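Next comes structure_24.cif, with mmCIF, C-alpha atoms.
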```
data_upload
#
loop_
_atom_site.group_PDB
_atom_site.id
_atom_site.type_symbol
_atom_site.label_atom_id
_atom_site.label_comp_id
_atom_site.auth_asym_id
_atom_site.auth_seq_id
_atom_site.Cartn_x
_atom_site.Cartn_y
_atom_site.Cartn_z
ATOM 1 C CA MET A 17 210.761 -8.086 -18.831
ATOM 2 C CA SER A 18 207.940 -6.473 -16.847
ATOM 3 C CA ASP A 19 208.095 -2.966 -15.432
ATOM 4 C CA ASP A 20 205.954 -2.427 -12.297
ATOM 5 C CA ARG A 21 205.905 1.316 -12.953
ATOM 6 C CA SER A 22 204.132 0.799 -16.296
ATOM 7 C CA GLN A 23 201.498 -1.365 -14.571
ATOM 8 C CA ASP A 24 201.000 1.371 -11.956
ATOM 9 C CA SER A 25 200.556 3.887 -14.779
ATOM 10 C CA TRP A 26 197.896 1.734 -16.439
ATOM 11 C CA ASP A 27 196.164 1.248 -13.091
ATOM 12 C CA ALA A 28 196.115 4.998 -12.500
ATOM 13 C CA LEU A 29 194.884 5.661 -16.049
ATOM 14 C CA PHE A 30 191.928 3.321 -15.641
ATOM 15 C CA GLY A 31 191.153 4.259 -12.042
ATOM 16 C CA VAL A 32 192.143 0.896 -10.584
ATOM 17 C CA GLY A 33 193.958 0.741 -7.252
ATOM 18 C CA ALA A 34 197.486 -0.613 -7.346
ATOM 19 C CA ALA A 35 196.599 -3.298 -4.810
ATOM 20 C CA ALA A 36 195.481 -6.639 -6.166
ATOM 21 C CA SER A 37 191.820 -7.582 -5.916
ATOM 22 C CA PRO A 38 190.927 -9.978 -3.127
ATOM 23 C CA PRO A 39 190.696 -13.673 -4.036
ATOM 24 C CA GLY A 40 187.366 -14.521 -5.647
ATOM 25 C CA ALA A 41 186.689 -10.934 -6.762
ATOM 26 C CA LYS A 42 184.881 -10.713 -10.077
ATOM 27 C CA GLY A 43 186.537 -7.494 -11.212
ATOM 28 C CA PRO A 44 188.113 -4.231 -10.101
ATOM 29 C CA GLN A 45 186.990 -3.235 -6.606
ATOM 30 C CA THR A 46 186.532 0.232 -5.103
ATOM 31 C CA PRO A 47 185.034 -0.341 -1.663
ATOM 32 C CA ALA A 48 184.957 3.282 -0.512
ATOM 33 C CA GLY A 49 186.828 5.175 -3.222
ATOM 34 C CA LYS A 50 185.217 7.468 -5.757
ATOM 35 C CA LEU A 51 182.118 5.293 -5.930
ATOM 36 C CA GLY A 52 181.535 5.318 -2.173
ATOM 37 C CA LYS A 53 179.402 8.460 -2.398
ATOM 38 C CA TYR A 54 176.903 6.584 -4.572
ATOM 39 C CA LEU A 55 176.619 3.770 -2.039
ATOM 40 C CA GLU A 56 175.812 6.350 0.619
ATOM 41 C CA MET A 57 172.611 7.274 -1.235
ATOM 42 C CA PRO A 58 169.561 5.582 0.299
ATOM 43 C CA GLY A 59 168.473 2.643 -1.818
ATOM 44 C CA VAL A 60 171.709 2.159 -3.808
ATOM 45 C CA ARG A 61 173.093 -1.358 -3.273
ATOM 46 C CA GLY A 62 175.913 -1.315 -5.805
ATOM 47 C CA VAL A 63 177.532 0.704 -8.560
ATOM 48 C CA VAL A 64 179.743 -0.070 -11.527
ATOM 49 C CA ARG A 65 181.572 2.486 -13.701
ATOM 50 C CA VAL A 66 182.393 1.652 -17.310
ATOM 51 C CA ALA A 67 184.201 3.493 -20.082
ATOM 52 C CA LEU A 68 182.491 4.209 -23.399
ATOM 53 C CA ASP A 69 184.258 1.188 -24.910
ATOM 54 C CA GLY A 70 182.802 -1.123 -22.233
ATOM 55 C CA LEU A 71 185.878 -1.483 -20.028
ATOM 56 C CA VAL A 72 184.881 -1.840 -16.372
ATOM 57 C CA LEU A 73 186.801 0.882 -14.549
ATOM 58 C CA ASP A 74 185.663 0.147 -11.016
ATOM 59 C CA GLN A 75 182.824 -1.162 -8.894
ATOM 60 C CA ALA A 76 181.536 -1.013 -5.355
ATOM 61 C CA GLY A 77 178.820 -2.779 -3.411
ATOM 62 C CA GLU A 78 176.618 -5.636 -4.588
ATOM 63 C CA VAL A 79 177.277 -5.612 -8.330
ATOM 64 C CA ASP A 80 178.808 -8.273 -10.525
ATOM 65 C CA SER A 81 181.348 -6.327 -12.595
ATOM 66 C CA GLU A 82 181.067 -8.726 -15.532
ATOM 67 C CA GLN A 83 177.274 -8.910 -15.727
ATOM 68 C CA HIS A 84 176.367 -5.387 -14.611
ATOM 69 C CA GLY A 85 179.318 -3.852 -16.449
ATOM 70 C CA ALA A 86 178.287 -5.493 -19.732
ATOM 71 C CA LEU A 87 174.673 -4.439 -19.221
ATOM 72 C CA THR A 88 175.700 -0.850 -18.459
ATOM 73 C CA ALA A 89 178.030 -0.594 -21.464
ATOM 74 C CA PHE A 90 175.579 -2.206 -23.901
ATOM 75 C CA ILE A 91 172.509 -0.187 -22.906
ATOM 76 C CA GLY A 92 174.554 3.013 -22.697
ATOM 77 C CA ALA A 93 176.075 2.540 -26.159
ATOM 78 C CA SER A 94 172.801 1.371 -27.731
ATOM 79 C CA GLY A 95 170.868 4.253 -26.203
ATOM 80 C CA GLY A 96 173.505 6.687 -27.408
ATOM 81 C CA GLN A 97 173.328 5.344 -30.958
ATOM 82 C CA LEU A 98 169.544 5.432 -30.940
ATOM 83 C CA GLY A 99 169.636 9.022 -29.689
ATOM 84 C CA GLN A 100 171.921 9.970 -32.580
ATOM 85 C CA ILE A 101 169.737 8.241 -35.176
ATOM 86 C CA LEU A 102 166.581 9.908 -33.860
ATOM 87 C CA ARG A 103 168.389 13.234 -33.312
ATOM 88 C CA LEU A 104 167.541 13.200 -29.610
ATOM 89 C CA GLY A 105 171.092 13.637 -28.335
ATOM 90 C CA PRO A 106 173.132 11.313 -26.127
ATOM 91 C CA LEU A 107 171.566 8.985 -23.570
ATOM 92 C CA HIS A 108 171.112 10.725 -20.226
ATOM 93 C CA TYR A 109 169.753 7.791 -18.182
ATOM 94 C CA ALA A 110 167.780 4.553 -18.472
ATOM 95 C CA VAL A 111 166.021 2.393 -15.899
ATOM 96 C CA LEU A 112 165.866 -1.364 -16.405
ATOM 97 C CA SER A 113 163.664 -3.789 -14.529
ATOM 98 C CA PHE A 114 163.622 -7.538 -15.078
ATOM 99 C CA THR A 115 160.994 -10.052 -13.963
ATOM 100 C CA ASP A 116 163.491 -12.348 -12.212
ATOM 101 C CA GLU A 117 165.388 -9.499 -10.500
ATOM 102 C CA PRO A 118 163.196 -7.370 -8.255
ATOM 103 C CA ARG A 119 165.760 -4.561 -7.988
ATOM 104 C CA PRO A 120 165.786 -1.891 -10.716
ATOM 105 C CA PHE A 121 169.045 -1.071 -12.467
ATOM 106 C CA LEU A 122 169.740 2.566 -13.305
ATOM 107 C CA ILE A 123 172.208 3.493 -16.065
ATOM 108 C CA VAL A 124 173.442 7.089 -16.133
ATOM 109 C CA ARG A 125 175.818 8.876 -18.497
ATOM 110 C CA HIS A 126 178.842 9.877 -16.420
ATOM 111 C CA HIS A 127 181.701 11.930 -17.879
ATOM 112 C CA GLU A 128 183.324 9.730 -20.543
ATOM 113 C CA GLY A 129 181.392 6.594 -19.686
ATOM 114 C CA TYR A 130 178.416 5.268 -17.760
ATOM 115 C CA LEU A 131 177.444 4.389 -14.217
ATOM 116 C CA GLY A 132 175.240 1.392 -13.481
ATOM 117 C CA LEU A 133 173.476 1.529 -10.114
ATOM 118 C CA LEU A 134 171.706 -1.447 -8.565
ATOM 119 C CA LEU A 135 168.771 -0.150 -6.506
ATOM 120 C CA GLU A 136 166.548 -1.526 -3.795
ATOM 121 C CA PRO A 137 163.051 -2.432 -5.053
ATOM 122 C CA GLU A 138 161.328 0.093 -2.799
ATOM 123 C CA ILE A 139 163.378 3.086 -3.993
ATOM 124 C CA SER A 140 162.148 5.241 -6.858
ATOM 125 C CA PRO A 141 164.773 5.562 -9.606
ATOM 126 C CA THR A 142 163.690 9.182 -10.074
ATOM 127 C CA HIS A 143 164.720 9.862 -6.469
ATOM 128 C CA ILE A 144 168.240 8.661 -7.266
ATOM 129 C CA ILE A 145 168.345 10.515 -10.597
ATOM 130 C CA ALA A 146 167.474 13.778 -8.848
ATOM 131 C CA ARG A 147 170.241 13.212 -6.295
ATOM 132 C CA LEU A 148 172.775 12.309 -9.001
ATOM 133 C CA GLN A 149 172.532 15.643 -10.808
ATOM 134 C CA PRO A 150 174.804 17.534 -8.374
ATOM 135 C CA ALA A 151 176.957 14.439 -7.609
ATOM 136 C CA GLN A 152 177.974 13.984 -11.253
ATOM 137 C CA GLY A 153 179.706 17.345 -11.372
ATOM 138 C CA GLU A 154 181.888 16.405 -8.406
ATOM 139 C CA ALA A 155 183.281 13.043 -9.615
#
```
Let me see the file written as structure tokens.
Amino acid sequence: MSDDRSQDSWDALFGVGAAASPPGAKGPQTPAGKLGKYLEMPGVRGVVRVALDGLVLDQAGEVDSEQHGALTAFIGASGGQLGQILRLGPLHYAVLSFTDEPRPFLIVRHHEGYLGLLLEPEISPTHIIARLQPAQGEA
């Protein structure tokens, strides 16, 4: 027997709205919730938030939660492990650029997880990184 209250508790724990995702959605959606402030930054087209274990917590904008979430979790975890091995500390941020995708992808350590931000090609990732410093303390 299912208890709707326990599902609501899990949704709240993982930052997912209680409402079901629209048909055809590829993962949890947060159109203007906590991630909306990132979409308001010039040059940010989409954002995905993942936990340290790779669970996609929420997304907003033009990201594919499965693809961008996996990329964010993998690079974040790998960078963190490499930082430990080399005694450099945890990963702070990484910028990825692929030949078949003209938009850079910025991965930033965020509380107990990572943010993946899909950027416009003409925006400098360092511009976004500088703007994220104060924003991270608020979320």
>> Expand the PyMOL selection byres ((chain A and resi 104-116) around 12) into the explicit residue set it covers here, and present it as a ChimeraX atom specification.
In response: /A:68,84,87-103,117-137,140-142,144-146,148-149,152
>> Please report the interatomic distance between atom CA of A:Leu73 and atom CA of A:Gly59 in Å with one decimal.
In response: 22.4 Å
>> Taking the file as I've supplied it (selection: the PyMOL selection byres ((chain A and resi 72) around 8)), which residues are included? Please answer as a PyMOL selection string.
In response: chain A and resi 43-44+64-67+70-71+73-75+81-82+85
> Could you work out how far atom CA of A:Lys50 lies from atom CA of A:Glu138, giving the answer in Å with one decimal?
Replying inline: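 Rounded to one decimal, the two atoms are 25.2 Å apart.
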> Mind pulling up the distance from atom CA of A:Val60 to atom CA of A:Glu78?
Replying inline: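 About the pair atom CA of A:Glu78 and atom CA of A:Val60: they are 9.2 Å apart.
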